[in-house]
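*Asks:* Below is the file data-v7.cif, which contains mmCIF, C-alpha atoms.
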data_final
#
loop_
_atom_site.label_atom_id
_atom_site.label_comp_id
_atom_site.auth_asym_id
_atom_site.auth_seq_id
_atom_site.Cartn_x
_atom_site.Cartn_y
_atom_site.Cartn_z
CA MET A 1 1.56 9.77 -12.33
CA LYS A 2 5.10 8.48 -12.52
CA THR A 3 5.80 4.75 -12.29
CA TYR A 4 8.57 3.38 -10.06
CA CYS A 5 10.09 -0.07 -9.86
CA MET A 6 11.54 -1.39 -6.60
CA GLU A 7 13.12 -4.74 -5.80
CA LEU A 8 12.41 -6.20 -2.37
CA SER A 9 14.05 -9.27 -0.89
CA GLY A 10 14.54 -11.06 2.38
CA PRO A 11 15.22 -14.42 4.00
CA TYR A 12 11.59 -14.81 5.18
CA ALA A 13 8.15 -13.37 4.50
CA CYS A 14 4.64 -13.89 5.81
CA PHE A 15 1.65 -12.27 4.13
CA THR A 16 -0.91 -13.51 6.62
CA ARG A 17 -4.09 -15.18 5.46
CA PRO A 18 -7.09 -13.82 7.44
CA GLU A 19 -8.89 -17.17 7.59
CA MET A 20 -6.08 -18.64 9.69
CA LYS A 21 -6.81 -17.15 13.10
CA VAL A 22 -4.22 -18.61 15.48
CA GLU A 23 -1.37 -19.94 13.35
CA ARG A 24 0.32 -17.66 10.86
CA VAL A 25 0.06 -18.97 7.31
CA SER A 26 1.27 -16.91 4.37
CA TYR A 27 -0.24 -16.31 0.96
CA ASP A 28 1.92 -17.68 -1.88
CA VAL A 29 2.78 -14.18 -3.17
CA MET A 30 3.18 -10.68 -1.75
CA THR A 31 -0.13 -8.87 -1.36
CA PRO A 32 -0.74 -5.45 -2.98
CA SER A 33 -1.26 -3.84 0.43
CA ALA A 34 2.13 -5.17 1.63
CA ALA A 35 3.77 -3.81 -1.54
CA ARG A 36 2.13 -0.42 -1.02
CA ALA A 37 3.35 -0.39 2.59
CA CYS A 38 6.94 -0.89 1.38
CA PHE A 39 6.69 2.21 -0.82
CA LYS A 40 5.10 4.16 2.06
CA ALA A 41 7.96 3.06 4.34
CA ILE A 42 10.37 4.95 2.08
CA LEU A 43 8.18 8.01 1.50
CA TRP A 44 4.81 8.83 2.96
CA LYS A 45 3.23 12.26 2.78
CA PRO A 46 -0.44 13.31 2.89
CA ALA A 47 -0.08 14.76 -0.62
CA ILE A 48 0.84 11.49 -2.34
CA ARG A 49 -0.81 8.13 -2.88
CA TRP A 50 0.81 4.91 -4.09
CA HIS A 51 -0.94 2.61 -6.60
CA VAL A 52 0.63 -0.83 -7.04
CA ARG A 53 0.39 -1.90 -10.68
CA ARG A 54 2.39 -5.12 -10.86
CA ILE A 55 4.22 -7.55 -8.58
CA GLU A 56 6.80 -9.87 -10.14
CA VAL A 57 8.05 -12.94 -8.28
CA LEU A 58 11.82 -13.22 -8.86
CA ASN A 59 12.67 -16.30 -6.76
CA PRO A 60 10.85 -19.65 -6.81
CA ILE A 61 8.17 -19.96 -4.12
CA ARG A 62 9.64 -21.93 -1.21
CA TRP A 63 8.06 -22.66 2.16
CA ILE A 64 9.35 -23.21 5.67
CA ASN A 65 7.56 -24.39 8.82
CA LEU A 66 8.69 -22.62 11.97
CA ARG A 67 7.66 -22.74 15.59
CA ARG A 68 7.97 -19.45 17.45
CA ASN A 69 7.64 -18.43 21.05
CA GLU A 70 5.22 -15.56 21.49
CA VAL A 71 4.15 -13.58 24.54
CA ALA A 72 0.44 -12.95 25.08
CA SER A 73 0.77 -9.85 27.29
CA VAL A 74 2.19 -6.35 26.84
CA VAL A 75 3.80 -3.89 29.22
CA SER A 76 1.23 -1.70 30.98
CA THR A 77 0.93 1.85 29.63
CA ARG A 78 0.50 3.10 33.19
CA ASN A 79 3.90 1.63 34.11
CA VAL A 80 5.49 3.24 31.05
CA GLU A 81 3.98 6.66 31.86
CA THR A 82 5.17 6.39 35.47
CA ALA A 83 8.68 5.47 34.34
CA MET A 84 8.75 8.39 31.91
CA LYS A 85 7.66 10.88 34.58
CA THR A 86 9.77 9.66 37.49
CA GLY A 87 12.75 8.16 35.68
CA LYS A 88 12.17 4.73 37.19
CA GLY A 89 9.46 2.12 37.17
CA ASP A 90 8.53 -1.49 36.60
CA LEU A 91 8.94 -2.07 32.86
CA GLY A 92 9.68 -5.77 33.19
CA LEU A 93 7.51 -8.31 31.49
CA TYR A 94 7.33 -11.64 33.30
CA ILE A 95 6.65 -14.17 30.58
CA GLU A 96 6.69 -17.44 32.50
CA ASP A 97 2.90 -17.77 32.44
CA ASP A 98 2.19 -15.92 29.19
CA ARG A 99 4.40 -17.85 26.76
CA GLN A 100 2.77 -19.50 23.79
CA GLN A 101 4.36 -21.57 21.09
CA ARG A 102 2.83 -21.06 17.67
CA ALA A 103 3.50 -22.70 14.35
CA GLY A 104 3.85 -20.72 11.17
CA LEU A 105 4.06 -21.52 7.48
CA PHE A 106 6.27 -18.82 5.96
CA LEU A 107 7.89 -18.07 2.64
CA ARG A 108 11.68 -18.21 2.51
CA ASP A 109 14.34 -16.64 0.28
CA VAL A 110 11.88 -14.25 -1.33
CA ALA A 111 12.51 -11.59 -3.95
CA TYR A 112 9.96 -9.39 -5.68
CA ARG A 113 9.98 -6.58 -8.23
CA VAL A 114 7.12 -4.19 -7.53
CA HIS A 115 5.86 -1.51 -9.94
CA ALA A 116 3.85 1.36 -8.47
CA ASP A 117 2.61 4.77 -9.52
CA LEU A 118 3.10 7.86 -7.38
CA GLU A 119 -0.05 10.00 -7.55
CA PHE A 120 0.24 13.63 -6.45
CA LEU A 121 -2.87 15.02 -4.73
CA ASN A 122 -2.74 18.73 -5.55
CA GLU A 123 -5.56 19.69 -3.16
CA ARG A 124 -3.50 18.44 -0.18
CA ASP A 125 -0.43 20.55 -1.02
CA PRO A 126 -1.37 23.34 -3.46
CA ALA A 127 2.02 25.05 -3.09
CA ALA A 128 3.92 21.98 -4.36
CA ASN A 129 4.04 19.97 -7.55
CA SER A 130 4.51 16.28 -8.32
CA ALA A 131 8.20 16.73 -9.25
CA LYS A 132 8.99 17.67 -5.64
CA TYR A 133 7.70 14.33 -4.31
CA GLU A 134 9.15 12.34 -7.21
CA GLN A 135 12.63 13.76 -6.52
CA MET A 136 12.18 13.19 -2.80
CA PHE A 137 11.34 9.51 -3.34
CA GLU A 138 14.17 8.97 -5.82
CA ARG A 139 16.70 10.60 -3.49
CA ARG A 140 15.58 8.60 -0.45
CA ALA A 141 15.39 5.27 -2.31
CA SER A 142 18.81 5.71 -3.95
CA LYS A 143 20.42 6.41 -0.55
CA GLY A 144 18.62 3.54 1.17
CA GLN A 145 16.73 5.92 3.47
CA CYS A 146 13.31 5.09 4.84
CA VAL A 147 10.82 6.45 7.37
CA ASN A 148 10.59 2.97 8.87
CA GLN A 149 12.17 -0.28 7.73
CA PRO A 150 10.13 -1.92 4.93
CA TYR A 151 9.04 -5.43 5.84
CA LEU A 152 7.67 -8.47 4.09
CA GLY A 153 4.26 -8.98 5.68
CA CYS A 154 5.23 -9.15 9.37
CA ARG A 155 7.50 -6.59 11.03
CA GLU A 156 10.03 -9.21 12.07
CA PHE A 157 10.75 -9.97 8.40
CA ALA A 158 12.70 -6.90 7.28
CA ALA A 159 13.10 -6.26 3.56
CA ALA A 160 16.16 -5.15 1.66
CA PHE A 161 15.17 -2.72 -1.08
CA GLY A 162 16.67 -1.08 -4.13
#
Would you put the structure from the file into structure tokens?

*Replies:*
Amino acid sequence: MKTYCMELSGPYACFTRPEMKVERVSYDVMTPSAARACFKAILWKPAIRWHVRRIEVLNPIRWINLRRNEVASVVSTRNVETAMKTGKGDLGLYIEDDRQQRAGLFLRDVAYRVHADLEFLNERDPAANSAKYEQMFERRASKGQCVNQPYLGCREFAAAFG
């Protein structure tokens, strides 16, 4: 297993505590599962597994209270399927009755250094070797490429990485 170090930062983060059902309240520090998800956002393949070994907090822990408007409903899948087949349809979402204002306690101005091991699972790709996936990750990370944008807990809090 080869160890990698990645720095993640962003203006806001929220690593949601499960005991807070309605309002979003963050843990003080990035969770291991959130750190693993950031590595998977850059490279995910069935033949590799990420193991987070250490999370370093680079900026002081600072909090911010925010109120956000959320919508309780989603667009109907039937309407989406109809629009895809016919080229037109009702994809509007009328939020006048479904708006909710929620409070959140988030982290702000966060920066982390995360250390993780890349484990190669030979049985899932017998024709390959670990060097293939190591080079793939290094190439993608150095160019700033990702499968999906890494985020800091919630998808609306995108992470810069390097």

*Asks:* Specify as a ChimeraX atom specification each residue included when the PyMOL selection byres ((chain A and resi 146-151) around 12) is applied to this file.

*Replies:* /A:6-15,30,33-45,110,136-145,152-162

*Asks:* Could you write out as a PDB file with C-alpha atoms, in the coordinates of the input the residues that the PyMOL selection byres ((chain A and resi 118-125) around 6) matches in the shown file?

*Replies:*
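Written output follows (selection38.pdb):
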ATOM      1  CA  MET A   1       1.560   9.770 -12.330  1.00  0.00           C
ATOM      2  CA  LYS A   2       5.100   8.480 -12.520  1.00  0.00           C
ATOM      3  CA  ALA A  47      -0.080  14.760  -0.620  1.00  0.00           C
ATOM      4  CA  ILE A  48       0.840  11.490  -2.340  1.00  0.00           C
ATOM      5  CA  ARG A  49      -0.810   8.130  -2.880  1.00  0.00           C
ATOM      6  CA  TRP A  50       0.810   4.910  -4.090  1.00  0.00           C
ATOM      7  CA  ASP A 117       2.610   4.770  -9.520  1.00  0.00           C
ATOM      8  CA  PRO A 126      -1.370  23.340  -3.460  1.00  0.00           C
ATOM      9  CA  ALA A 127       2.020  25.050  -3.090  1.00  0.00           C
ATOM     10  CA  ALA A 128       3.920  21.980  -4.360  1.00  0.00           C
ATOM     11  CA  SER A 130       4.510  16.280  -8.320  1.00  0.00           C
TER      12      SER A 130
END

*Asks:* Name all residues at most 7 Å from Val71 in chain A (count all atoms listed in the file; drop same-chain ones fewer than 3 positions away) and give them as a PyMOL selection string.

*Replies:* chain A and resi 95+98-100

*Asks:* To one decimal in Å, tell me the separation between CA of Asn65 in chain A and CA of Val114 in chain A.

*Replies:*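 A separation of 26.0 Å between them.
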
*Asks:* For a test of reading the model, state the distance in Å between CA of Tyr4 in chain A and CA of Trp63 in chain A, rounded to one decimal.

*Replies:*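 Those two atoms sit 28.8 Å apart.
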
*Asks:* Give me, please, the distance in Å between CA of Glu23 in chain A and CA of Glu70 in chain A, quoted to one decimal.

*Replies:*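 Distance reported for this atom pair: 11.4 Å.
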
*Asks:* Return the single residue from A:Arg102, A:His115, A:Lys88, A:Arg54 that is closest to Asn69 in chain A, with distances computed using only C-alpha atoms.

*Replies:* A:Arg102

*Asks:* Which residue gives the smallest distance to Val52 in chain A among A:Thr86, A:Thr3, A:Gln101, A:Ser76, with all atoms listed in the file counted?

*Replies:* A:Thr3

*Asks:* Can you turn the PyMOL selection byres ((chain A and resi 62) around 9) into a concrete residue list for this file, as an MDAnalysis selection string?

*Replies:* chainID A and resid 28 59:61 63:64 106:110

*Asks:* Around range 121-125 of chain A, fit a box with edges along x, y and z, padding it by 3 Å on each side, then list its centre and edge lengths in Å to one decimal as lines of an AutoDock Vina configuration file.

*Replies:*
center_x = -3.0
center_y = 17.8
center_z = -2.9
size_x = 11.1
size_y = 11.5
size_z = 11.4

*Asks:* Write out as a VMD selection string each polymer residue whose atoms come within 10 Å of Asp90 in chain A, counting all atoms listed in the file; drop sequence neighbours fewer than 3 positions from it.

*Replies:* chain A and resid 75 to 76 78 to 80 82 to 83 93

*Asks:* How about saving the chosen residues, C-alpha atoms kept, as a short mmCIF file (atom, residue, chain, number, x, y, z; two decimals), in the coordinates of the input?

*Replies:*
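Final output, selection-v5.cif:
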data_model
loop_
_atom_site.label_atom_id
_atom_site.label_comp_id
_atom_site.auth_asym_id
_atom_site.auth_seq_id
_atom_site.Cartn_x
_atom_site.Cartn_y
_atom_site.Cartn_z
CA VAL A 75 3.80 -3.89 29.22
CA SER A 76 1.23 -1.70 30.98
CA ARG A 78 0.50 3.10 33.19
CA ASN A 79 3.90 1.63 34.11
CA VAL A 80 5.49 3.24 31.05
CA THR A 82 5.17 6.39 35.47
CA ALA A 83 8.68 5.47 34.34
CA LEU A 93 7.51 -8.31 31.49
#
